[in-house]
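Colleague: My file is start.txt. It has compact mmCIF, C-alpha atoms:
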```
# COMPACT_ATOMS: atom_id res chain seq x y z
CA MET A 265 -94.10 114.67 -60.79
CA ALA A 266 -93.29 112.29 -57.94
CA LEU A 267 -95.05 108.94 -57.79
CA THR A 268 -97.05 108.22 -54.64
CA PHE A 269 -96.41 104.83 -53.04
CA GLY A 270 -99.02 103.11 -50.94
CA PHE A 271 -99.07 100.03 -48.72
CA TRP A 272 -102.24 97.94 -49.19
CA SER A 273 -103.21 95.11 -46.86
CA GLU A 274 -106.19 92.82 -46.37
CA GLN A 275 -104.72 91.63 -43.06
CA GLU A 276 -104.30 88.18 -44.55
CA THR A 277 -103.40 85.57 -41.95
CA GLN A 278 -101.56 82.38 -42.84
CA VAL A 279 -103.03 78.95 -42.07
CA GLY A 280 -102.22 77.91 -38.51
CA GLN A 281 -101.47 81.45 -37.35
CA SER A 282 -103.40 83.78 -35.05
CA TYR A 283 -105.75 86.51 -36.34
CA ALA A 284 -104.94 88.50 -33.19
CA ARG A 285 -101.19 88.36 -33.72
CA ARG A 286 -101.62 89.23 -37.39
CA LEU A 287 -103.39 92.44 -36.47
CA HIS A 288 -100.49 93.57 -34.30
CA GLU A 289 -98.07 92.60 -37.08
CA LEU A 290 -100.02 94.82 -39.46
CA VAL A 291 -99.48 97.80 -37.17
CA ASP A 292 -95.74 97.11 -37.19
CA GLU A 293 -95.79 96.91 -41.00
CA VAL A 294 -97.50 100.28 -41.35
CA ARG A 295 -95.07 101.90 -38.93
CA LEU A 296 -92.13 100.56 -40.93
CA ALA A 297 -93.75 101.69 -44.18
CA GLU A 298 -93.96 105.22 -42.82
CA LYS A 299 -90.33 105.10 -41.69
CA VAL A 300 -88.96 104.03 -45.08
CA GLY A 301 -90.93 106.52 -47.16
CA PHE A 302 -94.33 105.11 -48.12
CA ASP A 303 -96.91 107.87 -48.59
CA CYS A 304 -100.08 106.06 -47.54
CA ALA A 305 -101.34 102.95 -45.80
CA SER A 306 -104.52 101.44 -47.18
CA LEU A 307 -106.66 98.74 -45.60
CA SER A 308 -109.31 96.61 -47.25
CA GLU A 309 -112.77 96.05 -45.76
CA GLN A 310 -113.83 92.40 -45.83
CA HIS A 311 -116.62 90.79 -43.85
CA VAL A 312 -117.15 87.15 -42.79
CA ALA A 313 -114.45 86.15 -45.28
CA LEU A 314 -113.38 82.53 -45.60
CA GLY A 315 -109.73 81.76 -44.88
CA GLY A 316 -107.15 84.27 -43.81
CA ILE A 317 -108.44 87.65 -44.99
CA SER A 318 -109.53 89.34 -41.78
CA SER A 319 -109.75 93.14 -42.22
CA SER A 320 -113.31 93.37 -40.93
CA ALA A 321 -113.04 96.68 -39.03
CA PRO A 322 -110.44 98.88 -40.72
CA GLU A 323 -112.03 102.05 -39.32
CA VAL A 324 -110.98 100.88 -35.84
CA VAL A 325 -107.43 100.27 -37.07
CA TYR A 326 -107.21 103.80 -38.54
CA GLY A 327 -107.89 105.28 -35.12
CA TYR A 328 -105.08 103.22 -33.63
CA LEU A 329 -102.71 103.98 -36.50
CA ALA A 330 -103.43 107.69 -36.13
CA ALA A 331 -101.85 107.52 -32.68
CA VAL A 332 -98.76 105.48 -33.58
CA THR A 333 -97.84 107.21 -36.87
CA SER A 334 -97.23 110.85 -37.68
CA ARG A 335 -96.82 111.35 -41.45
CA ILE A 336 -98.28 108.54 -43.51
CA LYS A 337 -101.78 109.07 -44.93
CA LEU A 338 -104.51 106.61 -44.00
CA ARG A 339 -106.99 105.37 -46.59
CA PRO A 340 -109.67 102.69 -46.89
CA ALA A 341 -109.30 100.37 -49.88
CA VAL A 342 -112.23 100.51 -49.85
CA THR A 343 -115.13 101.42 -47.55
CA LEU A 344 -118.12 99.35 -48.67
CA MET A 345 -121.09 101.59 -49.38
CA PRO A 346 -124.18 99.34 -49.43
CA GLN A 347 -126.52 100.96 -46.93
CA LYS A 348 -126.89 97.83 -44.78
CA ILE A 349 -123.11 97.49 -44.41
CA ASN A 350 -122.14 101.14 -43.87
CA HIS A 351 -124.76 103.87 -43.57
CA ALA A 352 -123.35 106.92 -45.36
CA LEU A 353 -123.82 109.22 -42.37
CA ARG A 354 -122.00 106.83 -40.04
CA THR A 355 -119.27 106.64 -42.65
CA ALA A 356 -119.03 110.44 -42.70
CA GLU A 357 -118.85 110.55 -38.89
CA ARG A 358 -116.06 107.97 -38.73
CA LEU A 359 -114.14 109.71 -41.50
CA ALA A 360 -114.39 113.09 -39.76
CA VAL A 361 -113.25 111.78 -36.39
CA THR A 362 -110.26 109.85 -37.74
CA ASP A 363 -109.30 112.85 -39.86
CA ILE A 364 -109.17 114.95 -36.70
CA LEU A 365 -107.26 112.34 -34.68
CA SER A 366 -104.73 111.86 -37.50
CA ASN A 367 -104.26 115.63 -37.89
CA GLY A 368 -105.68 115.67 -41.39
CA ARG A 369 -104.17 112.47 -42.80
CA MET A 370 -107.34 110.63 -43.85
CA GLU A 371 -108.42 109.97 -47.42
CA PHE A 372 -111.60 108.20 -48.47
CA TYR A 373 -112.08 105.61 -51.20
CA ALA A 374 -115.40 103.85 -51.64
CA GLY A 375 -116.59 100.65 -53.29
CA ARG A 376 -119.85 98.78 -53.70
CA ALA A 377 -118.86 95.26 -52.46
CA ASN A 378 -117.56 92.40 -54.58
CA THR A 379 -118.30 89.23 -52.62
CA THR A 380 -121.59 87.38 -52.34
CA ILE A 381 -120.46 86.12 -48.93
CA ALA A 382 -120.58 89.63 -47.45
CA MET A 383 -123.66 90.76 -49.37
CA ARG A 384 -125.73 87.80 -48.26
CA ALA A 385 -124.55 88.12 -44.65
CA PHE A 386 -125.82 91.72 -44.53
CA ASN A 387 -128.92 91.05 -46.69
CA VAL A 388 -127.67 93.38 -49.42
CA ASP A 389 -129.42 93.37 -52.79
CA PRO A 390 -126.63 93.08 -55.42
CA GLY A 391 -128.80 94.99 -57.87
CA GLU A 392 -128.68 98.10 -55.67
CA THR A 393 -125.03 98.30 -54.57
CA LEU A 394 -123.93 100.64 -57.37
CA ALA A 395 -126.78 103.10 -56.89
CA GLN A 396 -126.34 103.03 -53.11
CA MET A 397 -122.61 103.75 -53.44
CA GLU A 398 -123.20 106.72 -55.71
CA GLU A 399 -125.98 108.16 -53.57
CA GLY A 400 -124.03 107.48 -50.39
CA ILE A 401 -121.03 109.43 -51.69
CA ALA A 402 -123.31 112.35 -52.54
CA LEU A 403 -124.69 112.35 -48.98
CA LEU A 404 -121.23 111.99 -47.48
CA LYS A 405 -119.94 115.03 -49.41
CA LYS A 406 -122.97 117.17 -48.60
CA SER A 407 -122.80 116.40 -44.88
CA MET A 408 -119.17 117.49 -44.69
CA ARG A 409 -119.41 120.56 -46.92
CA GLU A 410 -122.49 122.24 -45.48
CA ASP A 411 -123.00 123.50 -41.93
CA ILE A 412 -126.66 122.46 -41.81
CA PHE A 413 -127.58 120.05 -44.58
CA THR A 414 -130.56 118.12 -45.83
CA PHE A 415 -130.73 115.26 -48.31
CA GLU A 416 -133.47 113.68 -50.37
CA GLY A 417 -132.69 110.57 -52.40
CA LYS A 418 -133.97 107.10 -53.16
CA TYR A 419 -132.11 105.42 -50.31
CA TYR A 420 -131.38 108.31 -47.95
CA GLN A 421 -133.77 110.97 -46.68
CA VAL A 422 -132.24 113.27 -44.08
CA PRO A 423 -134.09 116.26 -42.56
CA PRO A 424 -132.05 119.38 -41.69
CA ARG A 425 -129.13 118.13 -39.59
CA MET A 426 -125.48 118.92 -38.79
CA LEU A 427 -122.53 116.52 -39.02
CA VAL A 428 -120.69 116.67 -35.69
CA PRO A 429 -117.75 116.95 -35.76
CA LYS A 430 -116.68 117.89 -39.25
CA PRO A 431 -113.32 116.74 -40.68
CA LEU A 432 -110.17 118.75 -40.17
CA GLN A 433 -109.47 118.93 -43.92
CA LYS A 434 -111.63 121.44 -45.75
CA PRO A 435 -113.96 121.00 -47.48
CA HIS A 436 -113.25 117.35 -46.73
CA PRO A 437 -110.60 114.66 -47.37
CA VAL A 438 -109.94 113.49 -50.93
CA ILE A 439 -112.71 111.16 -52.10
CA GLY A 440 -112.28 108.43 -54.71
CA ILE A 441 -113.66 105.07 -55.77
CA ALA A 442 -112.27 101.70 -56.76
CA ALA A 443 -113.29 101.06 -60.37
CA THR A 444 -113.05 98.07 -62.68
CA SER A 445 -115.71 98.94 -65.28
CA GLU A 446 -115.61 101.63 -67.95
CA ARG A 447 -118.90 102.96 -66.62
CA SER A 448 -117.48 103.51 -63.11
CA HIS A 449 -114.34 105.16 -64.48
CA SER A 450 -116.46 107.60 -66.47
CA TRP A 451 -118.72 108.31 -63.50
CA ALA A 452 -115.75 108.99 -61.19
CA GLY A 453 -114.29 111.43 -63.71
CA ALA A 454 -117.58 113.26 -64.21
CA GLU A 455 -117.92 113.64 -60.42
CA GLY A 456 -114.38 114.99 -60.01
CA LEU A 457 -113.34 112.04 -57.85
CA ALA A 458 -110.05 110.18 -57.61
CA VAL A 459 -109.98 106.67 -59.02
CA MET A 460 -108.21 103.46 -58.05
CA SER A 461 -108.27 101.56 -61.33
CA ASN A 462 -107.98 97.85 -62.07
CA SER A 463 -108.47 95.89 -65.29
CA ILE A 464 -109.25 92.55 -63.54
CA TYR A 465 -106.27 90.82 -65.17
CA GLN A 466 -107.35 91.79 -68.70
CA GLY A 467 -104.09 93.44 -69.67
CA TRP A 468 -102.48 96.67 -70.78
CA GLU A 469 -104.87 97.57 -73.56
CA VAL A 470 -107.92 97.28 -71.32
CA GLN A 471 -106.16 99.15 -68.51
CA GLU A 472 -105.29 102.05 -70.81
CA LYS A 473 -108.85 102.15 -72.16
CA LEU A 474 -110.23 102.45 -68.62
CA LEU A 475 -107.85 105.28 -67.74
CA ASN A 476 -108.71 107.13 -70.93
CA SER A 477 -112.41 106.88 -70.07
CA TYR A 478 -111.72 108.46 -66.70
CA ARG A 479 -109.63 111.29 -68.17
CA ARG A 480 -112.13 112.07 -70.93
CA SER A 481 -114.95 112.32 -68.41
CA TRP A 482 -113.05 114.37 -65.84
CA LYS A 483 -114.82 117.50 -64.65
CA ARG A 484 -113.54 119.54 -61.75
CA ASP A 485 -115.86 119.52 -58.73
CA GLU A 486 -115.68 123.19 -57.79
CA LEU A 487 -116.58 122.39 -54.17
CA GLY A 488 -114.17 119.45 -53.84
CA PRO A 489 -110.47 119.19 -52.91
CA LEU A 490 -109.13 117.79 -56.21
CA GLU A 491 -107.98 120.24 -58.87
CA ARG A 492 -106.98 117.61 -61.42
CA PRO A 493 -107.59 113.91 -62.14
CA ARG A 494 -105.92 111.53 -59.73
CA ILE A 495 -105.24 107.97 -60.84
CA GLY A 496 -103.96 105.11 -58.75
CA ILE A 497 -103.42 101.46 -59.60
CA PRO A 498 -103.37 98.62 -57.04
CA LEU A 499 -100.60 96.14 -57.81
CA PHE A 500 -100.18 92.59 -56.59
CA PHE A 501 -96.59 92.64 -55.46
CA GLY A 502 -93.49 90.64 -54.61
CA ILE A 503 -89.83 91.57 -54.29
CA GLY A 504 -86.61 89.74 -53.50
CA PRO A 505 -82.84 90.05 -53.90
CA THR A 506 -83.08 88.33 -57.31
CA ASP A 507 -85.85 87.66 -59.82
CA GLN A 508 -85.65 83.94 -59.08
CA LYS A 509 -85.91 84.40 -55.31
CA ALA A 510 -88.90 86.73 -55.72
CA LYS A 511 -90.60 84.17 -57.95
CA GLU A 512 -89.94 81.37 -55.46
CA ASP A 513 -91.46 83.39 -52.62
CA TYR A 514 -94.39 85.06 -54.36
CA ALA A 515 -95.47 83.26 -57.55
CA GLU A 516 -97.64 80.68 -55.82
CA PRO A 517 -99.51 83.11 -53.49
CA LEU A 518 -100.00 85.67 -56.28
CA MET A 519 -101.42 83.07 -58.65
CA ASN A 520 -103.60 81.70 -55.86
CA TYR A 521 -105.06 85.17 -55.36
CA ALA A 522 -106.06 85.22 -59.03
CA LYS A 523 -107.59 81.76 -58.57
CA ILE A 524 -109.76 83.04 -55.72
CA SER A 525 -111.03 85.81 -58.01
CA THR A 526 -111.99 83.30 -60.69
CA ASP A 527 -114.36 81.75 -58.19
CA ALA A 528 -115.98 84.96 -56.91
CA TYR A 529 -116.39 87.16 -59.97
CA PRO A 530 -118.30 84.74 -62.25
CA ARG A 531 -120.92 84.35 -59.51
CA LEU A 532 -121.25 88.12 -59.23
CA ALA A 533 -121.64 88.44 -62.99
CA LYS A 534 -124.71 86.20 -62.87
CA ILE A 535 -126.60 87.76 -59.99
CA ALA A 536 -127.07 91.40 -61.09
CA ASP A 537 -126.83 93.42 -64.30
CA ASP A 538 -124.42 95.91 -62.70
CA TYR A 539 -121.89 93.11 -62.25
CA ALA A 540 -122.44 91.43 -65.64
CA TYR A 541 -119.34 93.05 -67.18
CA MET A 542 -117.17 90.93 -64.88
CA SER A 543 -117.89 87.87 -67.01
CA GLU A 544 -115.69 89.41 -69.71
CA SER A 545 -112.68 89.10 -67.41
CA VAL A 546 -113.12 85.40 -66.59
CA PRO A 547 -110.79 84.05 -69.32
CA ALA A 548 -108.06 86.48 -68.23
CA MET A 549 -108.47 85.55 -64.56
CA GLU A 550 -108.32 81.85 -65.36
CA ARG A 551 -105.13 82.36 -67.35
CA ALA A 552 -103.57 84.51 -64.61
CA ALA A 553 -104.21 81.73 -62.09
CA LYS A 554 -102.23 79.22 -64.18
CA ASP A 555 -99.73 81.17 -66.31
CA TRP A 556 -97.03 83.04 -64.40
CA ASP A 557 -95.71 84.79 -67.52
CA TYR A 558 -99.16 86.12 -68.35
CA LEU A 559 -99.82 87.25 -64.76
CA LEU A 560 -96.48 89.02 -64.43
CA ASN A 561 -95.95 90.50 -67.89
CA HIS A 562 -99.31 90.80 -69.61
CA SER A 563 -102.16 91.10 -67.08
CA ALA A 564 -101.27 94.69 -66.01
CA THR A 565 -101.91 93.78 -62.37
CA THR A 566 -98.69 92.36 -60.95
CA VAL A 567 -95.13 93.45 -60.14
CA CYS A 568 -92.57 90.93 -58.90
CA GLY A 569 -88.80 90.58 -59.07
CA SER A 570 -85.53 92.08 -57.91
CA PRO A 571 -85.48 95.81 -57.08
CA ASP A 572 -84.17 96.64 -60.57
CA THR A 573 -86.88 94.51 -62.20
CA VAL A 574 -89.59 96.01 -59.99
CA ILE A 575 -88.45 99.50 -60.97
CA ARG A 576 -88.67 98.66 -64.68
CA GLN A 577 -92.11 97.14 -64.21
CA ILE A 578 -93.46 100.13 -62.29
CA GLU A 579 -92.09 102.43 -64.98
CA LYS A 580 -94.50 100.74 -67.41
CA PHE A 581 -97.41 101.76 -65.21
CA GLN A 582 -95.95 105.24 -64.78
CA ALA A 583 -95.93 105.56 -68.58
CA LEU A 584 -99.74 105.23 -68.45
CA GLY A 585 -99.81 108.57 -66.64
CA ILE A 586 -100.74 107.30 -63.18
CA ASP A 587 -100.17 109.26 -59.99
CA GLU A 588 -99.79 106.45 -57.49
CA VAL A 589 -99.27 102.74 -57.02
CA LEU A 590 -100.75 100.76 -54.16
CA LEU A 591 -98.60 97.73 -53.42
CA HIS A 592 -100.53 94.72 -52.12
CA LEU A 593 -98.29 93.36 -49.37
CA ASP A 594 -100.05 90.22 -48.20
CA SER A 595 -100.20 86.46 -48.84
CA VAL A 596 -96.79 85.76 -47.26
CA ASN A 597 -95.62 85.76 -43.65
CA HIS A 598 -94.93 88.89 -41.60
CA GLU A 599 -91.16 88.62 -41.85
CA LYS A 600 -91.34 88.50 -45.63
CA ILE A 601 -93.66 91.53 -45.71
CA MET A 602 -91.29 93.52 -43.50
CA GLU A 603 -88.41 92.57 -45.79
CA ALA A 604 -90.43 93.70 -48.82
CA ILE A 605 -91.30 97.05 -47.21
CA GLU A 606 -87.65 97.63 -46.38
CA MET A 607 -86.51 96.84 -49.93
CA VAL A 608 -89.12 99.12 -51.48
CA GLY A 609 -88.04 101.94 -49.19
CA ARG A 610 -84.34 101.35 -49.80
CA TYR A 611 -84.35 100.89 -53.59
CA VAL A 612 -87.67 101.52 -55.30
CA ILE A 613 -89.13 104.70 -53.80
CA PRO A 614 -85.84 106.65 -54.03
CA HIS A 615 -85.52 105.73 -57.71
CA PHE A 616 -88.82 107.44 -58.49
CA ASN A 617 -88.89 110.25 -55.97
CA ASP A 618 -85.35 111.04 -54.77
CA ARG A 619 -83.00 110.20 -57.62
CA ASN A 620 -80.38 112.82 -56.78
CA ASN A 621 -79.80 111.00 -53.48
CA VAL A 622 -79.36 107.56 -55.08
CA VAL A 623 -75.74 106.38 -55.31
CA ARG A 624 -74.63 105.96 -58.92
CA PRO A 625 -71.48 104.40 -60.39
CA THR A 626 -68.45 106.67 -60.15
CA GLU A 627 -67.71 106.38 -63.87
CA GLU A 628 -71.21 107.57 -64.73
CA ILE A 629 -70.78 110.69 -62.61
CA LEU A 630 -67.28 111.35 -63.94
CA GLY A 631 -68.58 111.02 -67.48
CA GLN A 632 -71.13 113.75 -66.84
CA ILE A 633 -68.54 115.97 -65.16
CA ARG A 634 -66.14 115.60 -68.09
CA ALA A 635 -68.90 116.33 -70.58
CA MET A 636 -69.68 119.61 -68.78
CA ARG A 637 -66.07 120.86 -68.75
CA PRO A 638 -65.28 123.74 -71.13
CA GLN A 639 -64.00 122.37 -74.41
CA LYS A 640 -60.55 123.63 -75.37
```
Could the structure of this file be written out as structure tokens, please?

Modeller:
Amino acid sequence: MALTFGFWSEQETQVGQSYARRLHELVDEVRLAEKVGFDCASLSEQHVALGGISSSAPEVVYGYLAAVTSRIKLRPAVTLMPQKINHALRTAERLAVTDILSNGRMEFYAGRANTTIAMRAFNVDPGETLAQMEEGIALLKKSMREDIFTFEGKYYQVPPRMLVPKPLQKPHPVIGIAATSERSHSWAGAEGLAVMSNSIYQGWEVQEKLLNSYRRSWKRDELGPLERPRIGIPLFFGIGPTDQKAKEDYAEPLMNYAKISTDAYPRLAKIADDYAYMSESVPAMERAAKDWDYLLNHSATTVCGSPDTVIRQIEKFQALGIDEVLLHLDSVNHEKIMEAIEMVGRYVIPHFNDRNNVVRPTEEILGQIRAMRPQK
């Protein structure tokens, strides 16, 4: 089975550069990604973030991208589901409209928020984000599946109403969640949802355990679009003509990203029981922020090197039985991102999905031809 390749951006803007220009650069990056063979473009949702991360209104960007692309799927990574950030019915309306405008190219992945900066800005109770995400997804599905629907829950009470308009895809676009805990992986599987899985730098053994939890719990949602489990993994990413060049360009920003996580996640672990599991990942995050070998080879989060090295690294994730990889193309300047997209399209995607069109050494082909000749 072919491996799906996604482009994932948080619209990160470098110090001294313009947020406005960065947004237009992002559009150019997605258009190039479509041209060279990426399957989906995925945007983060971040609010009042410090520094360069500026993807505060991805739903607006999807509408624009729907008009300037024609094939690539569009997917949030992720839509934040606390009620005070995104009411589930408004989320359903936006999803339906962009699905229509993109001619059925929307997918939907949800999350519960992972920064105290955003939660406090919107007066979100950290102890309720998980329950609100799960209930919000239930309301979102019901509103799209049923002509006239009603809903009665702890956070949402909706009298008989109709979602107008409904999405183009029937019964609705693919729905999934971002998951880092074993509990969320199991819940996603039991609900018949897709999952975007991450071990928070804790390594291959933890990553495999999480995926196994999802598979064991999987139960087909008879009313949903997925007929089988669907597993994706987001990968922090860098690529260059050589391993050394890739390391020179990407090691520092990739390790800095891990460092940022070591600041945010311990705080989350202390403020609500639903986030307490994150404390287990703190030693791994701290090591990933300082130890390039650990980050690259042992954390099960990062791919970086020459095209040949990147291919070998992604094959390790493919061996886990995943369906897609979401490459985080951020943290460097626009020119470097465009170069990375081009290299992935030229070398990496064809290796996994179009091997019979990849040029091979003449001697290798002749060897196969000779081996197939009738033996005298």

Colleague: Please provide the set of residues having any atom within 10 Å of Trp272 in chain A, restricted to all atoms listed in the file, with same-chain residues fewer than 3 positions apart removed, written as JSON, numbers by chain.

Modeller: {"A": [269, 275, 294, 304, 305, 306, 307, 308, 339, 340, 341, 498, 499, 500, 501, 589, 590, 591, 592, 593, 594]}

Colleague: For the residues in that selection, give me C-alpha atoms as a PDB file, in the coordinates of the input.

Modeller:
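Saved the output as out27.pdb:
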```
ATOM      1  CA  PHE A 269     -96.410 104.830 -53.040  1.00  0.00           C
ATOM      2  CA  GLN A 275    -104.720  91.630 -43.060  1.00  0.00           C
ATOM      3  CA  VAL A 294     -97.500 100.280 -41.350  1.00  0.00           C
ATOM      4  CA  CYS A 304    -100.080 106.060 -47.540  1.00  0.00           C
ATOM      5  CA  ALA A 305    -101.340 102.950 -45.800  1.00  0.00           C
ATOM      6  CA  SER A 306    -104.520 101.440 -47.180  1.00  0.00           C
ATOM      7  CA  LEU A 307    -106.660  98.740 -45.600  1.00  0.00           C
ATOM      8  CA  SER A 308    -109.310  96.610 -47.250  1.00  0.00           C
ATOM      9  CA  ARG A 339    -106.990 105.370 -46.590  1.00  0.00           C
ATOM     10  CA  PRO A 340    -109.670 102.690 -46.890  1.00  0.00           C
ATOM     11  CA  ALA A 341    -109.300 100.370 -49.880  1.00  0.00           C
ATOM     12  CA  PRO A 498    -103.370  98.620 -57.040  1.00  0.00           C
ATOM     13  CA  LEU A 499    -100.600  96.140 -57.810  1.00  0.00           C
ATOM     14  CA  PHE A 500    -100.180  92.590 -56.590  1.00  0.00           C
ATOM     15  CA  PHE A 501     -96.590  92.640 -55.460  1.00  0.00           C
ATOM     16  CA  VAL A 589     -99.270 102.740 -57.020  1.00  0.00           C
ATOM     17  CA  LEU A 590    -100.750 100.760 -54.160  1.00  0.00           C
ATOM     18  CA  LEU A 591     -98.600  97.730 -53.420  1.00  0.00           C
ATOM     19  CA  HIS A 592    -100.530  94.720 -52.120  1.00  0.00           C
ATOM     20  CA  LEU A 593     -98.290  93.360 -49.370  1.00  0.00           C
ATOM     21  CA  ASP A 594    -100.050  90.220 -48.200  1.00  0.00           C
TER      22      ASP A 594
END
```

Colleague: Go ahead and compute the interatomic distance for CA of His288 in chain A and CA of Leu329 in chain A, in Å to one decimal.

Modeller: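 Computing the Euclidean distance for CA of His288 in chain A and CA of Leu329 in chain A yields 10.9 Å.
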
Colleague: List every protein, DNA or RNA residue that has an atom no more than 12 Å from (-123.7, 98.7, -49.7) in the file's coordinate frame, counting only C-alpha atoms, and report them as a ChimeraX atom specification.

Modeller: /A:309,342-352,355,374-380,382-401,419

Colleague: Using all atoms listed in the file, determine which residues lie at most 10 Å from Asp555 in chain A, disregarding the query and same-chain residues fewer than 5 positions distant; provide the list as a list in words.

Modeller: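 Surrounding residues, per the criterion: Ala515, Met519, Met549, Glu550 and Leu560 of chain A.
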
Colleague: Check the smallest atom-to-atom distance from each of A:Ala330, A:Val459, A:Ile586, A:Val300 to Glu606 in chain A using all atoms listed in the file, then report the winner.

Modeller: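 For Glu606 in chain A, the nearest of the given residues is A:Val300.
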
Colleague: Taking only C-alpha atoms into account, name the residue in A:Leu518, A:His449, A:Tyr420, A:Glu293 that is nearest to Glu603 in chain A.

Modeller: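 Going through A:Leu518, A:His449, A:Tyr420, A:Glu293 one by one, the smallest distance to Glu603 in chain A is for A:Glu293.
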
Colleague: Please indicate the distance in Å from CA of Ala360 in chain A to CA of Arg425 in chain A, rounded to one decimal place.

Modeller: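 Between these atoms lies a distance of 15.6 Å.
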
Colleague: State, in Å with one decimal place, the distance from CA of Val279 in chain A to CA of Val324 in chain A.

Modeller: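 Going from CA of Val279 in chain A over to CA of Val324 in chain A, I get 24.1 Å.
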
Colleague: Save all heavy atoms of range 356-361 of chain A from the block above as a PDB file, in the first residue's frame.

Modeller:
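See out.pdb below for the written result:
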```pdb
ATOM      1  N   ALA A 356     -18.346  22.455  12.658  1.00  0.00           N
ATOM      2  CA  ALA A 356     -19.028  21.665  11.634  1.00  0.00           C
ATOM      3  C   ALA A 356     -19.403  22.529  10.434  1.00  0.00           C
ATOM      4  O   ALA A 356     -19.273  22.112   9.274  1.00  0.00           O
ATOM      5  CB  ALA A 356     -20.277  21.013  12.226  1.00  0.00           C
ATOM      6  N   GLU A 357     -19.876  23.747  10.690  1.00  0.00           N
ATOM      7  CA  GLU A 357     -20.238  24.646   9.592  1.00  0.00           C
ATOM      8  C   GLU A 357     -19.022  24.990   8.741  1.00  0.00           C
ATOM      9  O   GLU A 357     -19.083  24.960   7.494  1.00  0.00           O
ATOM     10  CB  GLU A 357     -20.868  25.921  10.158  1.00  0.00           C
ATOM     11  CG  GLU A 357     -22.242  25.708  10.766  1.00  0.00           C
ATOM     12  CD  GLU A 357     -22.759  26.927  11.506  1.00  0.00           C
ATOM     13  OE1 GLU A 357     -21.928  27.755  11.951  1.00  0.00           O
ATOM     14  OE2 GLU A 357     -23.983  27.056  11.646  1.00  0.00           O
ATOM     15  N   ARG A 358     -17.918  25.337   9.377  1.00  0.00           N
ATOM     16  CA  ARG A 358     -16.712  25.696   8.625  1.00  0.00           C
ATOM     17  C   ARG A 358     -16.199  24.503   7.821  1.00  0.00           C
ATOM     18  O   ARG A 358     -15.766  24.649   6.672  1.00  0.00           O
ATOM     19  CB  ARG A 358     -15.634  26.210   9.577  1.00  0.00           C
ATOM     20  CG  ARG A 358     -15.926  27.568  10.176  1.00  0.00           C
ATOM     21  CD  ARG A 358     -14.713  28.146  10.874  1.00  0.00           C
ATOM     22  NE  ARG A 358     -14.359  27.409  12.060  1.00  0.00           N
ATOM     23  CZ  ARG A 358     -14.639  27.803  13.299  1.00  0.00           C
ATOM     24  NH1 ARG A 358     -15.313  28.930  13.495  1.00  0.00           N
ATOM     25  NH2 ARG A 358     -14.260  27.092  14.338  1.00  0.00           N
ATOM     26  N   LEU A 359     -16.228  23.326   8.448  1.00  0.00           N
ATOM     27  CA  LEU A 359     -15.774  22.128   7.753  1.00  0.00           C
ATOM     28  C   LEU A 359     -16.632  21.849   6.527  1.00  0.00           C
ATOM     29  O   LEU A 359     -16.109  21.536   5.445  1.00  0.00           O
ATOM     30  CB  LEU A 359     -15.816  20.927   8.712  1.00  0.00           C
ATOM     31  CG  LEU A 359     -15.455  19.560   8.127  1.00  0.00           C
ATOM     32  CD1 LEU A 359     -14.038  19.554   7.565  1.00  0.00           C
ATOM     33  CD2 LEU A 359     -15.617  18.473   9.194  1.00  0.00           C
ATOM     34  N   ALA A 360     -17.939  21.964   6.667  1.00  0.00           N
ATOM     35  CA  ALA A 360     -18.842  21.698   5.544  1.00  0.00           C
ATOM     36  C   ALA A 360     -18.614  22.670   4.389  1.00  0.00           C
ATOM     37  O   ALA A 360     -18.550  22.268   3.215  1.00  0.00           O
ATOM     38  CB  ALA A 360     -20.290  21.770   6.015  1.00  0.00           C
ATOM     39  N   VAL A 361     -18.475  23.938   4.709  1.00  0.00           N
ATOM     40  CA  VAL A 361     -18.311  24.946   3.655  1.00  0.00           C
ATOM     41  C   VAL A 361     -16.989  24.758   2.921  1.00  0.00           C
ATOM     42  O   VAL A 361     -16.932  24.810   1.677  1.00  0.00           O
ATOM     43  CB  VAL A 361     -18.420  26.367   4.255  1.00  0.00           C
ATOM     44  CG1 VAL A 361     -17.989  27.417   3.227  1.00  0.00           C
ATOM     45  CG2 VAL A 361     -19.855  26.630   4.707  1.00  0.00           C
TER      46      VAL A 361
END
```
